[in-house]
$ cat query.txt   # compact mmCIF, C-alpha atoms and all ligand atoms
# COMPACT_ATOMS: atom_id res chain seq x y z
CA MET A 1 62.57 76.05 41.93
CA SER A 2 64.18 78.82 39.89
CA ARG A 3 63.65 78.92 36.16
CA GLY A 4 67.29 77.85 35.65
CA ASP A 5 66.65 74.55 37.45
CA MET A 6 63.56 73.64 35.43
CA ASP A 7 63.69 71.31 32.48
CA LEU A 8 61.96 72.30 29.26
CA ARG A 9 58.86 70.20 29.96
CA ALA A 10 58.34 72.02 33.27
CA ILE A 11 58.92 75.40 31.62
CA LEU A 12 56.36 74.61 28.90
CA LEU A 13 53.78 73.22 31.36
CA ARG A 14 54.09 76.36 33.47
CA ARG A 15 53.60 78.54 30.40
CA ILE A 16 50.54 76.53 29.31
CA ALA A 17 49.07 76.83 32.82
CA ALA A 18 49.48 80.61 32.65
CA GLU A 19 48.61 81.32 29.01
CA GLY A 20 46.70 78.28 27.71
CA PRO A 21 47.62 75.91 24.87
CA MET A 22 50.25 77.18 22.40
CA PRO A 23 50.44 76.86 18.61
CA LEU A 24 52.77 74.16 17.28
CA SER A 25 55.10 76.93 16.05
CA ASP A 26 55.72 78.15 19.62
CA TYR A 27 56.31 74.58 20.79
CA MET A 28 58.76 73.89 17.94
CA ALA A 29 60.62 77.17 18.52
CA ALA A 30 61.06 76.37 22.23
CA CYS A 31 62.12 72.75 21.61
CA LEU A 32 64.63 73.62 18.89
CA LEU A 33 66.05 76.95 20.02
CA HIS A 34 65.42 77.49 23.75
CA PRO A 35 68.65 79.24 24.87
CA VAL A 36 69.45 76.60 27.52
CA HIS A 37 67.43 73.46 26.70
CA GLY A 38 66.93 73.79 22.93
CA TYR A 39 67.73 70.84 20.70
CA TYR A 40 70.09 72.79 18.42
CA THR A 41 71.38 75.21 21.03
CA SER A 42 72.57 72.44 23.33
CA ARG A 43 74.12 69.82 21.02
CA ASP A 44 75.50 68.69 17.66
CA PRO A 45 72.72 66.38 16.44
CA LEU A 46 74.26 65.33 13.12
CA GLY A 47 75.98 62.20 11.92
CA ARG A 48 75.74 58.45 12.35
CA ASP A 49 75.86 58.69 16.16
CA GLY A 50 73.35 61.56 16.20
CA ASP A 51 69.73 61.81 15.14
CA PHE A 52 69.92 62.45 11.40
CA ILE A 53 72.40 62.63 8.53
CA THR A 54 72.42 65.22 5.77
CA ALA A 55 73.65 65.29 2.17
CA PRO A 56 77.01 67.00 2.88
CA GLU A 57 77.66 64.44 5.62
CA ILE A 58 76.87 61.62 3.19
CA SER A 59 79.39 62.67 0.52
CA GLN A 60 81.82 65.47 -0.32
CA MET A 61 80.37 65.45 -3.86
CA PHE A 62 77.28 67.36 -2.70
CA GLY A 63 79.19 70.42 -1.49
CA GLU A 64 81.64 70.29 -4.39
CA LEU A 65 78.88 70.47 -7.00
CA ILE A 66 76.95 73.17 -5.08
CA GLY A 67 80.17 75.20 -4.88
CA LEU A 68 80.90 74.90 -8.60
CA CYS A 69 77.29 75.76 -9.44
CA LEU A 70 77.47 78.98 -7.38
CA ALA A 71 80.92 79.90 -8.73
CA GLN A 72 79.65 79.45 -12.30
CA SER A 73 76.70 81.75 -11.56
CA TRP A 74 79.16 84.30 -10.19
CA LEU A 75 81.28 84.08 -13.37
CA ASP A 76 78.17 84.29 -15.58
CA GLN A 77 77.20 87.52 -13.80
CA GLY A 78 80.57 89.18 -14.40
CA ALA A 79 82.41 88.08 -11.24
CA PRO A 80 81.23 90.90 -8.92
CA SER A 81 83.54 91.76 -6.00
CA PRO A 82 82.98 91.76 -3.11
CA VAL A 83 80.36 89.00 -3.05
CA THR A 84 78.75 87.47 0.03
CA LEU A 85 79.02 83.68 0.25
CA ALA A 86 76.40 82.77 2.84
CA GLU A 87 75.04 79.60 4.36
CA LEU A 88 71.93 79.28 6.52
CA GLY A 89 72.21 76.68 9.29
CA PRO A 90 75.64 75.29 8.31
CA GLY A 91 75.52 72.40 10.83
CA ARG A 92 79.04 71.01 11.20
CA GLY A 93 80.42 73.29 8.46
CA THR A 94 81.04 70.36 6.15
CA LEU A 95 79.13 71.81 3.19
CA ILE A 96 80.78 75.24 3.29
CA ALA A 97 84.22 73.64 3.69
CA ASP A 98 83.56 71.46 0.60
CA VAL A 99 82.34 74.53 -1.31
CA LEU A 100 85.52 76.43 -0.47
CA ARG A 101 87.79 73.49 -1.40
CA ALA A 102 86.01 72.89 -4.72
CA THR A 103 86.17 76.57 -5.71
CA ALA A 104 89.78 77.22 -4.64
CA HIS A 105 90.95 77.27 -8.28
CA VAL A 106 88.17 79.44 -9.70
CA PRO A 107 90.18 82.56 -10.64
CA GLY A 108 89.42 85.50 -8.34
CA PHE A 109 86.59 83.78 -6.49
CA HIS A 110 88.13 83.42 -3.04
CA ALA A 111 89.56 86.93 -3.23
CA ALA A 112 86.04 88.30 -3.86
CA VAL A 113 84.20 86.17 -1.31
CA GLU A 114 83.15 87.35 2.15
CA LEU A 115 81.84 84.46 4.20
CA HIS A 116 78.66 84.97 6.26
CA LEU A 117 77.03 82.18 8.25
CA VAL A 118 73.58 82.38 9.84
CA GLU A 119 73.54 80.00 12.80
CA ALA A 120 71.50 79.95 16.00
CA SER A 121 73.49 77.31 17.85
CA PRO A 122 76.67 78.24 19.77
CA VAL A 123 77.67 74.55 19.77
CA LEU A 124 77.43 74.35 15.98
CA ARG A 125 79.09 77.76 15.48
CA ALA A 126 82.16 76.32 17.19
CA ARG A 127 82.10 73.26 14.91
CA GLN A 128 81.77 75.50 11.87
CA GLN A 129 84.72 77.60 12.94
CA ALA A 130 86.84 74.46 13.29
CA ALA A 131 85.73 73.16 9.87
CA LEU A 132 86.72 76.47 8.25
CA ALA A 133 90.32 75.99 9.40
CA GLY A 134 91.19 79.69 9.65
CA HIS A 135 89.06 80.94 6.75
CA PRO A 136 87.61 84.23 8.07
CA ALA A 137 83.84 84.29 8.53
CA HIS A 138 81.10 86.41 10.12
CA TRP A 139 78.32 84.75 12.09
CA HIS A 140 74.78 86.14 12.30
CA ASP A 141 71.55 85.34 14.14
CA GLN A 142 69.27 86.56 11.36
CA VAL A 143 69.18 86.56 7.56
CA SER A 144 68.30 90.28 7.69
CA GLU A 145 71.87 90.95 8.89
CA LEU A 146 73.44 89.78 5.60
CA PRO A 147 75.23 92.66 3.80
CA GLU A 148 73.56 94.57 0.98
CA GLN A 149 75.80 93.34 -1.86
CA PRO A 150 75.80 90.44 -4.38
CA LEU A 151 74.81 87.24 -2.58
CA LEU A 152 75.59 83.58 -3.24
CA LEU A 153 73.63 81.54 -0.71
CA ILE A 154 73.18 77.91 0.28
CA ALA A 155 70.65 76.45 2.69
CA ASN A 156 70.52 72.67 3.08
CA GLU A 157 67.95 71.27 5.51
CA PHE A 158 67.50 74.71 7.10
CA PHE A 159 63.91 75.56 6.17
CA ASP A 160 62.56 72.23 7.48
CA ALA A 161 63.71 73.29 10.96
CA LEU A 162 61.66 76.52 10.93
CA PRO A 163 58.56 76.40 13.16
CA ILE A 164 55.24 75.69 11.44
CA ARG A 165 51.59 76.25 12.30
CA GLN A 166 49.22 73.43 11.41
CA PHE A 167 45.50 73.68 10.63
CA ARG A 168 42.67 71.21 10.04
CA ARG A 169 39.81 72.33 7.82
CA SER A 170 36.39 72.54 9.48
CA GLY A 171 33.71 73.87 7.11
CA ASP A 172 35.18 77.10 5.76
CA LEU A 173 37.07 77.62 9.02
CA TRP A 174 40.25 76.11 10.45
CA ARG A 175 41.16 74.46 13.76
CA GLU A 176 44.79 74.95 14.76
CA THR A 177 46.92 72.17 16.24
CA VAL A 178 47.97 73.30 19.70
CA VAL A 179 50.12 71.89 22.49
CA GLY A 180 48.33 71.88 25.84
CA ALA A 181 48.38 69.84 29.02
CA THR A 182 46.31 66.83 30.06
CA ALA A 183 46.74 65.43 33.59
CA GLY A 184 50.13 67.09 33.94
CA ALA A 185 51.50 65.85 30.62
CA LEU A 186 51.94 67.68 27.31
CA SER A 187 49.19 66.80 24.83
CA LEU A 188 48.09 67.77 21.34
CA GLY A 189 44.74 69.44 20.82
CA LEU A 190 42.76 71.51 18.34
CA SER A 191 41.73 75.12 18.84
CA PRO A 192 38.09 76.18 18.17
CA PRO A 193 37.32 76.79 14.44
CA ALA A 194 38.29 80.28 13.23
CA PRO A 195 38.81 82.02 9.88
CA ILE A 196 42.50 82.17 8.85
CA GLY A 197 43.31 84.87 6.29
CA ALA A 198 46.58 83.22 5.21
CA LEU A 199 44.61 80.07 4.26
CA GLN A 200 41.83 81.70 2.27
CA HIS A 201 43.42 80.47 -0.98
CA ARG A 202 43.42 76.87 0.28
CA LEU A 203 39.62 76.70 0.55
CA SER A 204 39.45 75.90 -3.17
CA ASP A 205 41.78 72.87 -3.11
CA THR A 206 41.08 71.28 0.29
CA ALA A 207 38.22 69.22 1.71
CA GLU A 208 36.72 68.82 5.18
CA GLY A 209 39.35 67.49 7.62
CA ASP A 210 42.36 68.18 5.37
CA ILE A 211 45.50 69.39 7.11
CA VAL A 212 47.60 72.26 5.82
CA GLU A 213 50.72 73.79 7.32
CA ILE A 214 52.16 77.26 7.08
CA CYS A 215 55.68 78.31 7.96
CA PRO A 216 55.53 81.96 9.03
CA GLY A 217 59.32 82.42 8.99
CA ALA A 218 59.97 80.92 5.57
CA ALA A 219 58.41 83.65 3.43
CA ALA A 220 60.21 86.46 5.26
CA ILE A 221 63.57 84.73 4.87
CA ALA A 222 62.96 83.92 1.18
CA GLN A 223 62.06 87.55 0.63
CA ALA A 224 65.17 88.91 2.37
CA ILE A 225 67.41 86.62 0.30
CA SER A 226 65.72 87.14 -3.05
CA THR A 227 65.56 90.93 -2.69
CA ARG A 228 69.33 91.08 -2.24
CA ILE A 229 69.79 88.83 -5.26
CA GLU A 230 67.41 90.80 -7.46
CA THR A 231 68.94 94.13 -6.38
CA HIS A 232 72.66 93.30 -6.29
CA GLY A 233 73.01 90.00 -8.21
CA GLY A 234 73.93 86.49 -7.12
CA ALA A 235 72.04 83.23 -6.65
CA ALA A 236 70.56 81.07 -3.89
CA LEU A 237 70.28 77.28 -3.75
CA ILE A 238 67.79 76.09 -1.14
CA VAL A 239 67.73 72.31 -0.74
CA ASP A 240 65.22 70.46 1.40
CA TYR A 241 62.57 67.76 1.52
CA GLY A 242 59.09 68.84 0.64
CA ASP A 243 56.63 69.61 -2.08
CA TRP A 244 54.93 72.24 -4.17
CA HIS A 245 51.55 73.33 -2.77
CA ALA A 246 51.84 71.03 0.23
CA LEU A 247 48.95 69.15 1.81
CA GLY A 248 48.80 66.94 4.88
CA ASP A 249 50.49 66.47 8.25
CA THR A 250 54.29 66.48 7.83
CA PHE A 251 55.26 67.43 11.39
CA GLN A 252 57.73 64.84 12.63
CA ALA A 253 60.22 64.10 15.38
CA LEU A 254 63.41 62.10 14.86
CA ARG A 255 65.75 60.65 17.45
CA GLY A 256 68.57 58.24 16.66
CA HIS A 257 67.48 58.12 12.98
CA ALA A 258 63.98 56.86 13.93
CA PRO A 259 60.61 58.58 14.34
CA THR A 260 59.66 59.37 17.92
CA ASP A 261 56.87 61.08 19.88
CA PRO A 262 57.31 64.85 19.39
CA LEU A 263 55.90 65.57 22.85
CA ALA A 264 58.11 63.13 24.77
CA ASP A 265 61.17 64.82 26.30
CA PRO A 266 60.89 68.24 24.62
CA GLY A 267 64.23 69.57 23.40
CA THR A 268 65.80 66.15 22.84
CA ALA A 269 64.45 65.24 19.37
CA ASP A 270 64.75 66.90 15.98
CA LEU A 271 61.39 68.45 15.08
CA THR A 272 60.78 69.25 11.40
CA ALA A 273 58.13 69.70 8.75
CA HIS A 274 58.25 69.39 4.98
CA VAL A 275 59.04 72.60 3.10
CA ASP A 276 56.35 74.06 0.86
CA PHE A 277 58.41 75.35 -2.06
CA GLU A 278 55.44 77.32 -3.39
CA THR A 279 55.66 79.54 -0.29
CA LEU A 280 59.33 80.27 -1.07
CA ALA A 281 58.70 80.94 -4.77
CA ASP A 282 55.70 83.19 -4.09
CA ALA A 283 57.66 85.24 -1.55
CA ALA A 284 60.64 85.68 -3.88
CA SER A 285 61.21 88.96 -5.66
CA ALA A 286 63.76 87.24 -7.92
CA HIS A 287 63.14 84.46 -10.47
CA SER A 288 62.92 80.95 -9.10
CA LEU A 289 63.26 77.42 -10.46
CA LEU A 290 62.52 74.10 -8.78
CA THR A 291 64.31 70.83 -9.63
CA PRO A 292 64.49 67.45 -7.85
CA GLN A 293 67.84 66.98 -6.09
CA GLY A 294 68.73 63.85 -8.08
CA VAL A 295 68.17 65.56 -11.42
CA PHE A 296 70.06 68.66 -10.28
CA LEU A 297 73.12 66.67 -9.17
CA GLU A 298 73.08 64.54 -12.34
CA ARG A 299 72.99 67.66 -14.52
CA LEU A 300 75.96 69.05 -12.62
CA GLY A 301 77.92 65.86 -13.37
CA ILE A 302 77.78 63.88 -10.12
CA THR A 303 78.19 60.57 -11.96
CA GLU A 304 81.44 61.67 -13.66
CA ARG A 305 82.71 63.04 -10.33
CA ALA A 306 81.72 59.79 -8.57
CA GLN A 307 83.63 57.73 -11.14
CA ARG A 308 86.71 59.91 -10.73
CA LEU A 309 86.66 59.46 -6.94
CA ALA A 310 85.93 55.72 -7.29
CA ASP A 311 89.22 55.24 -9.18
CA ARG A 312 91.09 55.90 -5.92
CA LEU A 313 88.90 53.66 -3.72
CA SER A 314 88.53 49.95 -3.02
CA GLY A 315 86.77 47.60 -0.58
CA ASP A 316 84.44 49.14 2.00
CA ALA A 317 85.39 52.68 1.01
CA LEU A 318 84.33 51.97 -2.58
CA SER A 319 81.02 50.35 -1.64
CA GLY A 320 80.31 53.22 0.78
CA HIS A 321 81.02 55.71 -1.99
CA ILE A 322 78.72 53.93 -4.45
CA ALA A 323 75.96 53.80 -1.81
CA ALA A 324 76.40 57.53 -1.11
CA HIS A 325 76.03 58.40 -4.80
CA ARG A 326 72.85 56.33 -4.95
CA ARG A 327 71.49 57.80 -1.73
CA LEU A 328 71.89 61.40 -2.94
CA THR A 329 70.40 60.83 -6.39
CA HIS A 330 68.11 57.79 -6.58
CA PRO A 331 64.37 58.57 -6.81
CA GLN A 332 63.63 56.07 -4.04
CA GLU A 333 66.21 57.62 -1.74
CA MET A 334 66.84 61.40 -1.55
CA GLY A 335 66.67 62.08 -5.30
CA THR A 336 62.99 63.01 -5.59
CA LEU A 337 61.82 63.81 -2.06
CA PHE A 338 64.58 66.43 -1.79
CA LYS A 339 64.32 69.39 -4.13
CA VAL A 340 66.41 72.42 -5.01
CA ILE A 341 64.83 75.81 -5.48
CA ALA A 342 67.13 78.43 -6.97
CA PHE A 343 66.65 82.20 -6.83
CA TYR A 344 68.47 84.28 -9.44
CA PRO A 345 68.11 87.83 -10.82
CA SER A 346 65.47 88.34 -13.51
CA GLN A 347 68.22 89.87 -15.70
CA ALA A 348 70.58 86.86 -15.36
CA SER A 349 70.66 83.30 -16.66
CA PRO A 350 69.72 80.57 -14.17
CA PRO A 351 72.42 78.71 -12.24
CA PRO A 352 73.60 75.51 -13.99
CA GLY A 353 71.63 72.37 -13.20
CA LEU A 354 68.31 74.19 -13.17
CA GLU A 355 68.06 75.77 -16.60
CA ALA A 356 66.24 73.01 -18.49
CA MET A 357 63.26 72.93 -16.14
CA ARG A 358 62.02 76.48 -16.28
CA LEU A 359 58.79 76.47 -14.29
CA GLN A 360 56.34 79.21 -13.61
CA THR A 361 56.75 80.59 -10.11
CA ARG A 362 52.99 80.35 -9.58
CA GLY A 363 50.58 77.53 -10.18
CA PRO A 364 50.74 73.84 -9.34
CA GLN A 365 53.73 71.81 -10.50
CA ALA A 366 54.74 68.21 -10.25
N1 LIG B 1 72.99 72.48 6.71
C1 LIG B 1 73.56 71.49 7.60
C2 LIG B 1 72.79 71.32 8.91
C3 LIG B 1 71.31 71.11 8.84
S1 LIG B 1 70.58 71.01 10.46
C4 LIG B 1 73.71 70.17 6.86
O1 LIG B 1 73.21 70.05 5.77
O2 LIG B 1 74.35 69.27 7.40
C5 LIG B 1 69.84 72.63 10.65
C6 LIG B 1 70.84 73.75 10.93
O3 LIG B 1 70.12 74.97 11.03
C7 LIG B 1 71.63 73.62 12.21
O4 LIG B 1 72.91 74.19 12.00
C8 LIG B 1 70.79 74.48 13.18
O5 LIG B 1 71.49 74.89 14.32
C9 LIG B 1 70.41 75.62 12.28
N2 LIG B 1 69.18 76.34 12.64
C10 LIG B 1 67.96 75.80 12.88
N3 LIG B 1 67.05 76.78 13.10
C11 LIG B 1 67.70 77.96 12.98
C12 LIG B 1 67.30 79.33 13.06
N4 LIG B 1 66.04 79.66 13.32
N5 LIG B 1 68.24 80.29 12.87
C13 LIG B 1 69.52 79.95 12.59
N6 LIG B 1 69.96 78.67 12.49
C14 LIG B 1 69.07 77.68 12.69

$ encode --input "query.txt" --output "structure tokens" --more "lines below"
Ligand code: SAH
Amino acid sequence: MSRGDMDLRAILLRRIAAEGPMPLSDYMAACLLHPVHGYYTSRDPLGRDGDFITAPEISQMFGELIGLCLAQSWLDQGAPSPVTLAELGPGRGTLIADVLRATAHVPGFHAAVELHLVEASPVLRARQQAALAGHPAHWHDQVSELPEQPLLLIANEFFDALPIRQFRRSGDLWRETVVGATAGALSLGLSPPAPIGALQHRLSDTAEGDIVEICPGAAAIAQAISTRIETHGGAALIVDYGDWHALGDTFQALRGHAPTDPLADPGTADLTAHVDFETLADAASAHSLLTPQGVFLERLGITERAQRLADRLSGDALSGHIAAHRRLTHPQEMGTLFKVIAFYPSQASPPPGLEAMRLQTRGPQA
């Protein structure tokens, strides 16, 4: 059997037979981004008929308010031109299309903007191109390819898709979660205890058996973004589910909007982990602020915008719209679990929606 005929399970089992069990990060990377069999590379997973639904797919209000927030930051910083408008993992392109529509009347903004999208999936790149309806854009594989100039950046549910490593505390050492093989099937295991330099600082706030996760890619990406912002100006809004100073097992698989076994049928389920916002803030060379999504959207005026849109709706469309507003903002829905971290230059004022909650970039926060 040639490699091209193998499915992803067979490819992974062969690799494990040759090299031994692999860290969760290698398993996640293969499942999500394998060039042929990867979850994102081979399909559009979003929407009601897919596996999960995201804020921009729930309501146009999300992208509109993000767009106005970024445009206001651009105005506050003297309207630099050219300016990169970038999105990481734009999915179907809905968010960036809403951003562009909402900012069409901001004087000079569209003339200054150069659109740059970082997207690994050819399937989703095609959807993004269609959503942009002729608006010129550059696509990239890596954040490091973004131009060295002022940067306005959005990332919604991008960082949760980055591969994580997971460790269980054992004395002052750590055992890593690995994917191996048992009787011809993929299985989870734990590596022998070893010291982990990157977790030295977690020995003071964890106990025997506690699980902590690290996302090796997240810090590098946060640093690349924040350095451009600190050097050239701009702002970043990173939105995702997660916590500050995270603890516990958050690795999960979703298929058809329901949890599923992450080892069953590799490459066919969405694999994610919660984002540790402390990692992003600590890696940033710009200032950062963290705010719950619900509070952020309320401060930007989502309720006024929702009422305006409601005036034109009735029946099912109206009840759907009211439910969408609640879903994005309510503490028991996405309002508190999802958070926004903003990066902005130390010489500039924070983007609107975040200014009242100035938090230290280090140290535990609620
Ligand atoms: N932001 C969109 C989609 C979120 S799904 C929304 O809110 O609807 C995650 C997106 O990130 C998808 O577009 C996926 O293809 C992309 N992605 C995941 N890992 C990536 C990586 N390592 N590099 C580039 N894009 C990636």

$ residues_around --input "query.txt" --residues "range 325-330 of chain A" --least-positions-apart "5" --cutoff "12 Å" --atoms "only C-alpha atoms" --output "PyMOL selection string"
chain A and resi 53-63+239+292-307+309-310+318-320+335-339

$ write_last_selection --input "query.txt" --atoms "C-alpha atoms" --output "PDB file, keeping the file's coordinate frame"
ATOM      1  CA  ILE A  53      72.400  62.630   8.530  1.00  0.00           C
ATOM      2  CA  THR A  54      72.420  65.220   5.770  1.00  0.00           C
ATOM      3  CA  ALA A  55      73.650  65.290   2.170  1.00  0.00           C
ATOM      4  CA  PRO A  56      77.010  67.000   2.880  1.00  0.00           C
ATOM      5  CA  GLU A  57      77.660  64.440   5.620  1.00  0.00           C
ATOM      6  CA  ILE A  58      76.870  61.620   3.190  1.00  0.00           C
ATOM      7  CA  SER A  59      79.390  62.670   0.520  1.00  0.00           C
ATOM      8  CA  GLN A  60      81.820  65.470  -0.320  1.00  0.00           C
ATOM      9  CA  MET A  61      80.370  65.450  -3.860  1.00  0.00           C
ATOM     10  CA  PHE A  62      77.280  67.360  -2.700  1.00  0.00           C
ATOM     11  CA  GLY A  63      79.190  70.420  -1.490  1.00  0.00           C
ATOM     12  CA  VAL A 239      67.730  72.310  -0.740  1.00  0.00           C
ATOM     13  CA  PRO A 292      64.490  67.450  -7.850  1.00  0.00           C
ATOM     14  CA  GLN A 293      67.840  66.980  -6.090  1.00  0.00           C
ATOM     15  CA  GLY A 294      68.730  63.850  -8.080  1.00  0.00           C
ATOM     16  CA  VAL A 295      68.170  65.560 -11.420  1.00  0.00           C
ATOM     17  CA  PHE A 296      70.060  68.660 -10.280  1.00  0.00           C
ATOM     18  CA  LEU A 297      73.120  66.670  -9.170  1.00  0.00           C
ATOM     19  CA  GLU A 298      73.080  64.540 -12.340  1.00  0.00           C
ATOM     20  CA  ARG A 299      72.990  67.660 -14.520  1.00  0.00           C
ATOM     21  CA  LEU A 300      75.960  69.050 -12.620  1.00  0.00           C
ATOM     22  CA  GLY A 301      77.920  65.860 -13.370  1.00  0.00           C
ATOM     23  CA  ILE A 302      77.780  63.880 -10.120  1.00  0.00           C
ATOM     24  CA  THR A 303      78.190  60.570 -11.960  1.00  0.00           C
ATOM     25  CA  GLU A 304      81.440  61.670 -13.660  1.00  0.00           C
ATOM     26  CA  ARG A 305      82.710  63.040 -10.330  1.00  0.00           C
ATOM     27  CA  ALA A 306      81.720  59.790  -8.570  1.00  0.00           C
ATOM     28  CA  GLN A 307      83.630  57.730 -11.140  1.00  0.00           C
ATOM     29  CA  LEU A 309      86.660  59.460  -6.940  1.00  0.00           C
ATOM     30  CA  ALA A 310      85.930  55.720  -7.290  1.00  0.00           C
ATOM     31  CA  LEU A 318      84.330  51.970  -2.580  1.00  0.00           C
ATOM     32  CA  SER A 319      81.020  50.350  -1.640  1.00  0.00           C
ATOM     33  CA  GLY A 320      80.310  53.220   0.780  1.00  0.00           C
ATOM     34  CA  GLY A 335      66.670  62.080  -5.300  1.00  0.00           C
ATOM     35  CA  THR A 336      62.990  63.010  -5.590  1.00  0.00           C
ATOM     36  CA  LEU A 337      61.820  63.810  -2.060  1.00  0.00           C
ATOM     37  CA  PHE A 338      64.580  66.430  -1.790  1.00  0.00           C
ATOM     38  CA  LYS A 339      64.320  69.390  -4.130  1.00  0.00           C
TER      39      LYS A 339
END

$ residues_around --input "query.txt" --residues "Pro193 in chain A" --least-positions-apart "4" --cutoff "6 Å" --atoms "all atoms listed in the file" --output "list of chain:residue names"
A:Leu173, A:Trp174, A:Arg175

$ closest_residue --input "query.txt" --among "A:Pro122, A:Pro163, A:Leu68, A:Leu95" --to "Val36 in chain A" --atoms "all atoms listed in the file"
A:Pro122

$ residues_near_ligand --input "query.txt" --ligand "ligand LIG 1 (chain B)" --cutoff "8 Å" --atoms "all atoms listed in the file" --output "count of residues only"
37

$ residues_around --input "query.txt" --residues "Thr84 in chain A" --least-positions-apart "4" --cutoff "7 Å" --atoms "all atoms listed in the file" --output "list in words"
Val113, Glu114, Leu115, His116, Gln149, Pro150, Leu151 and Leu152 of chain A

$ closest_residue --input "query.txt" --among "A:Pro136, A:Gly67, A:Pro331, A:Gly197" --to "Pro351 in chain A" --atoms "only C-alpha atoms"
A:Gly67
